[in-house]
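Text of model_9.txt (compact mmCIF, C-alpha atoms) as supplied:
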# COMPACT_ATOMS: atom_id res chain seq x y z
CA MET A 261 0.00 0.00 0.00
CA ARG A 262 1.17 3.49 -0.83
CA THR A 263 2.13 5.65 2.14
CA ALA A 264 -0.37 8.34 1.19
CA LEU A 265 -3.27 5.91 1.73
CA MET A 266 -2.20 4.69 5.17
CA PRO A 267 -3.85 7.49 7.22
CA THR A 268 -7.11 6.68 5.44
CA VAL A 269 -6.93 3.12 6.72
CA ALA A 270 -6.33 4.35 10.26
CA THR A 271 -9.29 6.72 10.01
CA GLU A 272 -11.59 4.01 8.67
CA ILE A 273 -10.56 1.51 11.34
CA GLU A 274 -10.97 4.03 14.16
CA ARG A 275 -14.44 4.98 12.92
CA ASP A 276 -15.49 1.32 12.50
CA LEU A 277 -14.11 0.16 15.84
CA ARG A 278 -15.63 3.05 17.78
CA ALA A 279 -19.00 2.27 16.19
CA MET A 280 -18.74 -1.45 16.95
CA VAL A 281 -17.56 -0.87 20.53
CA ALA A 282 -20.34 1.65 21.15
CA ALA A 283 -22.98 -0.65 19.66
CA GLU A 284 -21.88 -3.65 21.72
CA GLN A 285 -21.49 -1.75 24.96
CA ASP A 286 -24.97 -0.25 24.51
CA GLN A 287 -26.23 -3.83 24.49
CA GLY A 288 -24.19 -4.56 27.60
CA ALA A 289 -22.71 -7.95 26.79
CA VAL A 290 -20.95 -10.07 24.22
CA SER A 291 -23.59 -10.83 21.62
CA GLU A 292 -24.32 -13.65 19.25
CA GLY A 293 -26.50 -13.32 16.23
CA GLN A 294 -27.69 -9.84 17.10
CA SER A 295 -26.57 -7.99 13.98
CA SER A 296 -27.62 -8.63 10.44
CA PRO A 297 -25.34 -11.01 8.48
CA GLU A 298 -25.66 -8.69 5.51
CA ASP A 299 -23.84 -5.95 7.44
CA ALA A 300 -21.15 -8.09 9.01
CA THR A 301 -17.48 -8.53 8.10
CA GLY A 302 -16.08 -12.01 7.64
CA TRP A 303 -16.09 -15.17 5.51
CA TYR A 304 -19.36 -16.72 4.39
CA PRO A 305 -19.70 -20.09 2.64
CA PHE A 306 -21.72 -20.31 -0.56
CA ALA A 307 -23.70 -23.20 0.94
CA PRO A 308 -23.93 -22.72 4.72
CA ARG A 309 -23.74 -25.97 6.67
CA ASP A 310 -27.19 -25.81 8.24
CA GLY A 311 -28.81 -24.72 5.02
CA GLY A 312 -29.92 -21.48 6.65
CA PRO A 313 -28.50 -17.99 6.67
CA PRO A 314 -24.87 -17.46 7.75
CA ILE A 315 -24.33 -17.44 11.50
CA VAL A 316 -23.02 -14.17 12.89
CA PRO A 317 -20.25 -15.10 15.33
CA PRO A 318 -19.94 -13.56 18.77
CA THR A 319 -17.95 -10.34 18.95
CA PRO A 320 -15.51 -9.14 21.59
CA TRP A 321 -16.24 -5.43 21.33
CA ALA A 322 -18.21 -5.15 24.58
CA ASP A 323 -14.95 -6.00 26.37
CA VAL A 324 -12.80 -3.39 24.60
CA ASP A 325 -12.13 0.30 25.19
CA LEU A 326 -10.53 1.78 22.07
CA LEU A 327 -7.73 4.17 22.99
CA GLY A 328 -6.52 5.12 19.54
CA VAL A 329 -5.51 4.14 16.01
CA THR A 330 -2.31 5.67 14.63
CA THR A 331 0.34 5.09 12.00
CA ALA A 332 4.10 5.16 12.51
CA GLY A 333 5.81 4.76 9.17
CA SER A 334 4.04 1.82 7.56
CA LEU A 335 3.02 0.42 10.95
CA LEU A 336 -0.62 0.72 11.96
CA VAL A 337 -1.05 0.63 15.73
CA ILE A 338 -4.42 -0.02 17.40
CA THR A 339 -4.25 0.69 21.12
CA PHE A 340 -7.00 -0.60 23.36
CA ARG A 341 -7.83 -1.64 26.91
CA TRP A 342 -9.10 -5.16 27.56
CA ARG A 343 -11.84 -4.54 30.10
CA PRO A 344 -11.80 -7.88 31.94
CA SER A 345 -8.15 -7.48 32.96
CA GLY A 346 -7.71 -3.71 32.61
CA GLN A 347 -4.53 -4.30 30.60
CA THR A 348 -3.58 -2.04 27.71
CA PHE A 349 -2.57 -3.65 24.41
CA ALA A 350 -1.32 -2.45 21.04
CA HIS A 351 -2.09 -4.52 17.95
CA THR A 352 0.24 -3.80 15.04
CA SER A 353 -0.05 -4.38 11.29
CA ASP A 354 2.43 -3.55 8.52
CA LEU A 355 0.38 -1.65 5.94
CA SER A 356 3.09 -1.96 3.30
CA GLU A 357 2.03 -5.60 2.93
CA PHE A 358 -1.48 -4.65 1.76
CA ASP A 359 -2.82 -3.57 -1.63
CA ASP A 360 -3.97 -0.01 -2.36
CA GLU A 361 -7.49 -0.65 -1.10
CA PRO A 362 -8.09 1.17 2.21
CA ARG A 363 -11.63 -0.14 2.72
CA LEU A 364 -10.63 -3.76 2.18
CA THR A 365 -7.48 -3.37 4.27
CA ALA A 366 -9.46 -1.87 7.15
CA GLY A 367 -11.92 -4.75 7.02
CA ILE A 368 -9.17 -7.36 7.03
CA ILE A 369 -7.35 -5.81 9.99
CA GLU A 370 -10.57 -5.43 11.98
CA TYR A 371 -11.39 -9.06 11.25
CA GLN A 372 -7.91 -10.21 12.32
CA LEU A 373 -8.14 -8.26 15.57
CA GLN A 374 -11.59 -9.69 16.25
CA ARG A 375 -10.34 -13.23 15.69
CA LEU A 376 -7.43 -12.60 18.01
CA LEU A 377 -9.65 -11.24 20.77
CA LEU A 378 -12.01 -14.20 20.49
CA SER A 379 -9.24 -16.80 20.59
CA SER A 380 -9.10 -19.12 23.56
CA ARG A 381 -5.55 -18.01 24.34
CA TRP A 382 -6.39 -14.35 24.65
CA PRO A 383 -5.25 -12.24 26.51
CA ASN A 384 -1.91 -14.07 26.53
CA PRO A 385 -1.29 -14.70 22.84
CA PRO A 386 2.09 -15.93 21.67
CA GLY A 387 4.22 -13.05 20.47
CA SER A 388 2.98 -10.51 22.98
CA LEU A 389 5.60 -8.20 24.42
CA THR A 390 5.20 -5.85 27.38
CA VAL A 391 6.77 -2.42 26.91
CA GLY A 392 6.16 -0.21 29.92
CA SER A 393 2.45 -0.31 30.57
CA VAL A 394 1.56 -1.36 27.03
CA THR A 395 1.57 -4.92 25.74
CA VAL A 396 2.40 -5.08 22.07
CA VAL A 397 0.64 -7.91 20.30
CA THR A 398 2.25 -9.09 17.10
CA GLY A 399 0.70 -11.36 14.51
CA LEU A 400 -2.25 -13.65 14.91
CA VAL A 401 -2.98 -16.59 17.16
CA MET B 29 -3.35 -37.04 -1.29
CA GLY B 30 -5.80 -35.91 1.36
CA VAL B 31 -9.53 -36.19 1.81
CA GLU B 32 -11.74 -33.55 3.38
CA SER B 33 -15.47 -33.99 3.89
CA ASP B 34 -17.95 -31.17 3.40
CA ASN B 35 -20.71 -30.23 5.86
CA GLY B 36 -18.35 -29.87 8.81
CA GLY B 37 -16.48 -33.08 8.08
CA ARG B 38 -19.64 -35.21 8.04
CA GLY B 39 -20.68 -35.03 4.41
CA HIS B 40 -19.33 -35.92 0.99
CA ALA B 41 -15.59 -36.73 0.90
CA VAL B 42 -13.60 -34.52 -1.48
CA TRP B 43 -10.25 -35.80 -2.68
CA VAL B 44 -7.37 -33.33 -2.78
CA ARG B 45 -4.62 -34.91 -4.83
CA GLN B 46 -1.05 -33.63 -4.86
CA GLY B 47 -1.51 -32.97 -8.59
CA ARG B 48 0.83 -30.71 -10.50
CA SER B 49 1.25 -27.05 -11.40
CA GLY B 50 1.22 -25.44 -14.82
CA SER B 51 -1.20 -25.14 -17.72
CA SER B 52 -2.35 -28.75 -17.37
CA GLY B 53 -2.20 -28.57 -13.61
CA PHE B 54 -4.71 -29.88 -11.10
CA GLY B 55 -5.02 -30.59 -7.41
CA TYR B 56 -3.11 -29.05 -4.56
CA LEU B 57 0.04 -28.07 -6.46
CA HIS B 58 -2.00 -26.28 -9.11
CA ALA B 59 -3.90 -24.33 -6.44
CA TYR B 60 -0.79 -23.56 -4.40
CA VAL B 61 1.83 -22.80 -7.05
CA ASP B 62 -0.41 -21.23 -9.68
CA HIS B 63 -3.01 -19.53 -7.44
CA ASN B 64 -1.31 -19.14 -4.02
CA LEU B 65 -3.97 -21.11 -2.17
CA ASP B 66 -2.79 -23.19 0.80
CA LEU B 67 -4.01 -26.74 1.44
CA HIS B 68 -5.60 -25.82 4.75
CA THR B 69 -7.56 -23.05 3.04
CA ILE B 70 -8.94 -25.48 0.45
CA GLU B 71 -9.89 -27.90 3.22
CA THR B 72 -11.58 -25.17 5.25
CA VAL B 73 -13.68 -24.04 2.31
CA ILE B 74 -14.84 -27.61 1.69
CA ARG B 75 -15.58 -28.24 5.37
CA ASN B 76 -17.51 -24.98 5.81
CA ASN B 77 -19.97 -25.71 3.01
CA SER B 78 -22.89 -28.08 3.41
CA HIS B 79 -22.45 -29.36 -0.16
CA GLY B 80 -20.88 -28.63 -3.49
CA ILE B 81 -22.95 -26.67 -5.97
CA ARG B 82 -23.28 -28.57 -9.25
CA GLN B 83 -22.05 -26.63 -12.28
CA SER B 84 -23.13 -26.92 -15.91
CA ASN B 85 -19.95 -28.83 -16.75
CA GLY B 86 -20.69 -31.44 -14.07
CA ARG B 87 -18.12 -30.20 -11.60
CA TYR B 88 -19.00 -29.10 -8.08
CA LEU B 89 -18.23 -25.69 -6.62
CA TYR B 90 -17.29 -24.99 -3.02
CA GLY B 91 -16.81 -21.34 -2.24
CA GLU B 92 -16.62 -18.62 0.35
CA VAL B 93 -17.00 -14.87 0.07
CA PHE B 94 -15.33 -12.31 2.34
CA ARG B 95 -17.71 -9.45 3.12
CA VAL B 96 -16.62 -6.11 4.55
CA LYS B 97 -19.63 -4.61 6.31
CA GLY B 98 -21.79 -6.67 4.03
CA ARG B 99 -20.04 -5.80 0.76
CA PRO B 100 -18.42 -8.74 -1.08
CA THR B 101 -14.73 -8.03 -1.57
CA GLN B 102 -13.07 -11.38 -2.19
CA TYR B 103 -14.14 -14.82 -3.34
CA VAL B 104 -12.43 -18.20 -2.97
CA GLU B 105 -13.61 -21.03 -5.18
CA VAL B 106 -12.71 -24.73 -5.17
CA TYR B 107 -13.87 -26.97 -8.01
CA GLU B 108 -14.25 -30.72 -7.62
CA GLU B 109 -14.51 -33.34 -10.37
CA ARG B 110 -16.32 -36.39 -9.06
CA GLY B 111 -15.54 -38.50 -12.11
CA ARG B 112 -12.12 -39.68 -13.26
CA GLY B 113 -11.66 -36.69 -15.56
CA SER B 114 -9.16 -36.71 -18.39
CA GLY B 115 -6.08 -36.42 -16.24
CA SER B 116 -6.83 -38.76 -13.39
CA PRO B 117 -3.67 -40.78 -12.72
CA ASP B 118 -5.64 -43.82 -11.54
CA LYS B 119 -9.14 -45.32 -11.72
CA ASN B 120 -10.46 -43.16 -8.93
CA GLU B 121 -12.14 -39.79 -8.98
CA MET B 122 -10.16 -36.69 -9.84
CA GLY B 123 -11.17 -34.65 -6.80
CA VAL B 124 -10.15 -31.00 -6.65
CA VAL B 125 -9.19 -29.87 -10.14
CA THR B 126 -8.58 -26.21 -9.41
CA ALA B 127 -9.00 -23.57 -6.76
CA TYR B 128 -8.48 -19.84 -7.02
CA CYS B 129 -9.60 -16.41 -5.92
CA ARG B 130 -11.77 -13.81 -7.57
CA SER B 131 -11.77 -10.16 -6.61
CA SER B 132 -14.92 -8.17 -5.84
CA SER B 133 -15.71 -7.63 -9.52
CA TYR B 134 -15.88 -11.43 -9.96
CA THR B 135 -14.54 -11.13 -13.49
CA GLU B 136 -11.32 -13.12 -13.51
CA GLU B 137 -9.32 -15.73 -11.66
CA ASN B 138 -6.68 -14.14 -9.46
CA LEU B 139 -3.72 -15.15 -7.37
CA CYS B 140 -5.02 -15.35 -3.83
CA PRO B 141 -3.68 -12.63 -1.53
CA ASP B 142 -1.80 -13.96 1.51
CA TRP B 143 -4.46 -12.66 3.88
CA VAL B 144 -6.92 -15.17 2.45
CA ASN B 145 -4.75 -18.03 3.68
CA ASP B 146 -4.22 -16.24 6.99
CA THR B 147 -7.91 -15.80 7.77
CA LEU B 148 -9.54 -18.99 6.53

Here is the file; what I need is its structure written in the form of structure tokens.
Amino acid sequence: MRTALMPTVATEIERDLRAMVAAEQDQGAVSEGQSSPEDATGWYPFAPRDGGPPIVPPTPWADVDLLGVTTAGSLLVITFRWRPSGQTFAHTSDLSEFDDEPRLTAGIIEYQLQRLLLSSRWPNPPGSLTVGSVTVVTGLV
Amino acid sequence: MGVESDNGGRGHAVWVRQGRSGSSGFGYLHAYVDHNLDLHTIETVIRNNSHGIRQSNGRYLYGEVFRVKGRPTQYVEVYEERGRGSGSPDKNEMGVVTAYCRSSSYTEENLCPDWVNDTL
């Protein structure tokens, strides 16, 4: 991705995450199947296993306080607080590895972060590194 | 060669042969070398679908679409031949003949971006 497009990705992700966090926290708990599949981000099989509409997976956003989304060079840094533990984390992505499509890139990174937060090993994923009061999370579980 | 069953591992068994790459390629090596699609991604697509969708040429399609806030942005398609096909190296079914990605415009077969293999 060209450097000029990177702030756009950060802006899109911040807007999306703030909206998702606000929506989930308004509902007060981790949800399952509460939003329309047509509006969701993720993979959907052509022929869903149960023959019905795609299942919207649970989301972690009720447990997240978004602190900020910034770029440093080609690095995109999403800083957030994990509510259950109160710990602060920074999730990093190298935007130079993505194509020149800010909307798609934002969606992929949001999806990766969501998967990470829903993983059974969270909040101690392999590759995490504590720097001062911030834990830097690299890569995916 | 591997076998992956659709419908969450409980349905029809789809053969994924090692195959070969190139213009007459098929199977895993064709998908991986020519279209950058990992074996585990092919297997996941098969497992996540209840069944293959029969095509006009008799092959069966297994696919997934990545939606960003509802908008389709990337497709992955796996095609299975349940007969021997012209290039089957033995008397058994051909299995996966090809697998590739299509971008949001759905107009051409593309190399799969790495993130597809990372997220499926």

**OP:** Show which residues sit within 9 Å of His40 (chain B), as a list in words. Count only C-alpha atoms, and ignore same-chain residues fewer than 4 positions away.
**Re:** Glu32, Ser33, Asp34, Asn35, Ser78, His79 and Gly80 of chain B

Original post:
So how many Å separate CA of Cys140 (chain B) and CA of His63 (chain B), to one decimal?
Top reply: 5.9 Å

Original post:
Which neighbours of Glu370 (chain A) fall inside 10 Å, counting all atoms listed in the file, when residues of the same chain fewer than 6 positions from it are skipped, and could you give them as number ranges by chain?
Top reply: A: 273-274, 276-277, 301-302, 338, 364, 376; B: 96

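Between CA of Trp342 (chain A) and CA of Glu357 (chain A) there is a distance of 27.0 Å.
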
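Atom pair CA of Leu89 (chain B) / CA of Thr69 (chain B): separated by 14.6 Å.
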
Considering all atoms listed in the file, give me a table of residues in chain B that are at most 8 Å from chain A, with the closest atom pair and distance in Å for each, as CSV.
residue,atom,partner,partner_atom,distance
B:Asn35,CA,A:Arg309,CA,5.3
B:Gly36,CA,A:Arg309,CA,7.0
B:Val73,CA,A:Pro305,CA,7.2
B:Asn76,CA,A:Pro305,CA,6.2
B:Asn77,CA,A:Ala307,CA,4.9
B:Ser78,CA,A:Arg309,CA,4.0
B:His79,CA,A:Ala307,CA,6.4
B:Gly80,CA,A:Ala307,CA,7.6
B:Ile81,CA,A:Ala307,CA,7.8
B:Tyr90,CA,A:Phe306,CA,6.9
B:Gly91,CA,A:Phe306,CA,5.3
B:Glu92,CA,A:Pro305,CA,4.1
B:Val93,CA,A:Tyr304,CA,5.3
B:Phe94,CA,A:Trp303,CA,4.3
B:Arg95,CA,A:Thr301,CA,5.1
B:Val96,CA,A:Thr301,CA,4.4
B:Lys97,CA,A:Asp299,CA,4.6
B:Gly98,CA,A:Asp299,CA,4.0
B:Arg99,CA,A:Asp299,CA,7.7
B:Thr101,CA,A:Leu364,CA,7.0
B:Trp143,CA,A:Ile368,CA,7.8
B:Thr147,CA,A:Gln372,CA,7.2
B:Leu148,CA,A:Trp303,CA,7.7

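Using all atoms listed in the file, the set of residues no farther than 10 Å from the position (-18.6, -34.6, -10.0) comprises Val42, Gly80, Ile81, Arg82, Gln83, Asn85, Gly86, Arg87, Tyr88, Leu89, Tyr107, Glu108, Glu109, Arg110, Gly111, Arg112, Gly113, Glu121, Met122, Gly123 and Val124 of chain B.
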
Could those selected residues go to a file with C-alpha atoms, as a short mmCIF file (atom, residue, chain, number, x, y, z; two decimals), keeping the file's coordinate frame?
data_model
loop_
_atom_site.label_atom_id
_atom_site.label_comp_id
_atom_site.auth_asym_id
_atom_site.auth_seq_id
_atom_site.Cartn_x
_atom_site.Cartn_y
_atom_site.Cartn_z
CA VAL B 42 -13.60 -34.52 -1.48
CA GLY B 80 -20.88 -28.63 -3.49
CA ILE B 81 -22.95 -26.67 -5.97
CA ARG B 82 -23.28 -28.57 -9.25
CA GLN B 83 -22.05 -26.63 -12.28
CA ASN B 85 -19.95 -28.83 -16.75
CA GLY B 86 -20.69 -31.44 -14.07
CA ARG B 87 -18.12 -30.20 -11.60
CA TYR B 88 -19.00 -29.10 -8.08
CA LEU B 89 -18.23 -25.69 -6.62
CA TYR B 107 -13.87 -26.97 -8.01
CA GLU B 108 -14.25 -30.72 -7.62
CA GLU B 109 -14.51 -33.34 -10.37
CA ARG B 110 -16.32 -36.39 -9.06
CA GLY B 111 -15.54 -38.50 -12.11
CA ARG B 112 -12.12 -39.68 -13.26
CA GLY B 113 -11.66 -36.69 -15.56
CA GLU B 121 -12.14 -39.79 -8.98
CA MET B 122 -10.16 -36.69 -9.84
CA GLY B 123 -11.17 -34.65 -6.80
CA VAL B 124 -10.15 -31.00 -6.65
#

At a cut-off of 12 Å, using all atoms listed in the file, what residues contact Leu57 (chain B)? Leave out same-chain residues fewer than 6 positions from it and give the result as a short mmCIF file (atom, residue, chain, number, x, y, z; two decimals) with C-alpha atoms, in the frame of the given file.
data_model
loop_
_atom_site.label_atom_id
_atom_site.label_comp_id
_atom_site.auth_asym_id
_atom_site.auth_seq_id
_atom_site.Cartn_x
_atom_site.Cartn_y
_atom_site.Cartn_z
CA MET B 29 -3.35 -37.04 -1.29
CA VAL B 44 -7.37 -33.33 -2.78
CA ARG B 45 -4.62 -34.91 -4.83
CA GLN B 46 -1.05 -33.63 -4.86
CA GLY B 47 -1.51 -32.97 -8.59
CA ARG B 48 0.83 -30.71 -10.50
CA SER B 49 1.25 -27.05 -11.40
CA GLY B 50 1.22 -25.44 -14.82
CA SER B 51 -1.20 -25.14 -17.72
CA HIS B 63 -3.01 -19.53 -7.44
CA ASN B 64 -1.31 -19.14 -4.02
CA LEU B 65 -3.97 -21.11 -2.17
CA ASP B 66 -2.79 -23.19 0.80
CA LEU B 67 -4.01 -26.74 1.44
CA ILE B 70 -8.94 -25.48 0.45
CA VAL B 124 -10.15 -31.00 -6.65
CA VAL B 125 -9.19 -29.87 -10.14
CA THR B 126 -8.58 -26.21 -9.41
CA ALA B 127 -9.00 -23.57 -6.76
CA TYR B 128 -8.48 -19.84 -7.02
#

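With all atoms listed in the file as the basis for measurement, A:Trp321 is the residue among A:Trp321, A:Trp382, A:Phe340, A:Phe349 that approaches Glu284 (chain A) most closely.
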
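Proximity to Arg341 (chain A) at 9 Å, evaluated using all atoms listed in the file and with sequence-adjacent residues fewer than 3 positions away removed, yields Asp323, Val324, Asp325, Leu326, Leu327, Pro344, Ser345, Gly346, Gln347, Thr348, Phe349 and Ala350 of chain A.
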
Original post:
What lies within 7 Å of Gln102 (chain B) using all atoms listed in the file, ignoring chain neighbours under 2 positions off, as a list in words?
Top reply: Val93, Phe94, Pro100, Val104, Arg130, Ser131 and Ser132 of chain B

Taking the structure I provided as the source, export region 333-390 of chain A with C-alpha atoms, as a PDB file, in the first residue's frame.
ATOM      1  CA  GLY A 333       5.808   4.762   9.173  1.00  0.00           C
ATOM      2  CA  SER A 334       4.041   1.823   7.560  1.00  0.00           C
ATOM      3  CA  LEU A 335       3.024   0.420  10.945  1.00  0.00           C
ATOM      4  CA  LEU A 336      -0.616   0.719  11.962  1.00  0.00           C
ATOM      5  CA  VAL A 337      -1.053   0.632  15.734  1.00  0.00           C
ATOM      6  CA  ILE A 338      -4.421  -0.019  17.396  1.00  0.00           C
ATOM      7  CA  THR A 339      -4.247   0.688  21.117  1.00  0.00           C
ATOM      8  CA  PHE A 340      -7.002  -0.602  23.360  1.00  0.00           C
ATOM      9  CA  ARG A 341      -7.825  -1.642  26.907  1.00  0.00           C
ATOM     10  CA  TRP A 342      -9.097  -5.157  27.563  1.00  0.00           C
ATOM     11  CA  ARG A 343     -11.839  -4.538  30.104  1.00  0.00           C
ATOM     12  CA  PRO A 344     -11.799  -7.877  31.942  1.00  0.00           C
ATOM     13  CA  SER A 345      -8.155  -7.481  32.958  1.00  0.00           C
ATOM     14  CA  GLY A 346      -7.709  -3.710  32.613  1.00  0.00           C
ATOM     15  CA  GLN A 347      -4.532  -4.299  30.595  1.00  0.00           C
ATOM     16  CA  THR A 348      -3.575  -2.038  27.708  1.00  0.00           C
ATOM     17  CA  PHE A 349      -2.569  -3.647  24.408  1.00  0.00           C
ATOM     18  CA  ALA A 350      -1.322  -2.450  21.036  1.00  0.00           C
ATOM     19  CA  HIS A 351      -2.092  -4.522  17.948  1.00  0.00           C
ATOM     20  CA  THR A 352       0.241  -3.801  15.043  1.00  0.00           C
ATOM     21  CA  SER A 353      -0.049  -4.384  11.290  1.00  0.00           C
ATOM     22  CA  ASP A 354       2.427  -3.554   8.521  1.00  0.00           C
ATOM     23  CA  LEU A 355       0.378  -1.650   5.938  1.00  0.00           C
ATOM     24  CA  SER A 356       3.086  -1.962   3.301  1.00  0.00           C
ATOM     25  CA  GLU A 357       2.034  -5.605   2.933  1.00  0.00           C
ATOM     26  CA  PHE A 358      -1.476  -4.651   1.758  1.00  0.00           C
ATOM     27  CA  ASP A 359      -2.817  -3.566  -1.630  1.00  0.00           C
ATOM     28  CA  ASP A 360      -3.970  -0.011  -2.357  1.00  0.00           C
ATOM     29  CA  GLU A 361      -7.490  -0.648  -1.102  1.00  0.00           C
ATOM     30  CA  PRO A 362      -8.087   1.169   2.209  1.00  0.00           C
ATOM     31  CA  ARG A 363     -11.627  -0.141   2.717  1.00  0.00           C
ATOM     32  CA  LEU A 364     -10.634  -3.756   2.178  1.00  0.00           C
ATOM     33  CA  THR A 365      -7.478  -3.366   4.273  1.00  0.00           C
ATOM     34  CA  ALA A 366      -9.463  -1.873   7.148  1.00  0.00           C
ATOM     35  CA  GLY A 367     -11.924  -4.746   7.017  1.00  0.00           C
ATOM     36  CA  ILE A 368      -9.175  -7.361   7.035  1.00  0.00           C
ATOM     37  CA  ILE A 369      -7.350  -5.809   9.991  1.00  0.00           C
ATOM     38  CA  GLU A 370     -10.574  -5.434  11.976  1.00  0.00           C
ATOM     39  CA  TYR A 371     -11.390  -9.064  11.253  1.00  0.00           C
ATOM     40  CA  GLN A 372      -7.911 -10.207  12.319  1.00  0.00           C
ATOM     41  CA  LEU A 373      -8.139  -8.257  15.572  1.00  0.00           C
ATOM     42  CA  GLN A 374     -11.585  -9.688  16.251  1.00  0.00           C
ATOM     43  CA  ARG A 375     -10.335 -13.227  15.688  1.00  0.00           C
ATOM     44  CA  LEU A 376      -7.425 -12.602  18.008  1.00  0.00           C
ATOM     45  CA  LEU A 377      -9.646 -11.242  20.767  1.00  0.00           C
ATOM     46  CA  LEU A 378     -12.006 -14.205  20.489  1.00  0.00           C
ATOM     47  CA  SER A 379      -9.237 -16.802  20.585  1.00  0.00           C
ATOM     48  CA  SER A 380      -9.104 -19.115  23.557  1.00  0.00           C
ATOM     49  CA  ARG A 381      -5.554 -18.013  24.338  1.00  0.00           C
ATOM     50  CA  TRP A 382      -6.393 -14.346  24.649  1.00  0.00           C
ATOM     51  CA  PRO A 383      -5.247 -12.240  26.512  1.00  0.00           C
ATOM     52  CA  ASN A 384      -1.910 -14.071  26.533  1.00  0.00           C
ATOM     53  CA  PRO A 385      -1.293 -14.699  22.841  1.00  0.00           C
ATOM     54  CA  PRO A 386       2.090 -15.933  21.670  1.00  0.00           C
ATOM     55  CA  GLY A 387       4.216 -13.048  20.468  1.00  0.00           C
ATOM     56  CA  SER A 388       2.981 -10.513  22.980  1.00  0.00           C
ATOM     57  CA  LEU A 389       5.600  -8.199  24.421  1.00  0.00           C
ATOM     58  CA  THR A 390       5.202  -5.849  27.376  1.00  0.00           C
TER      59      THR A 390
END
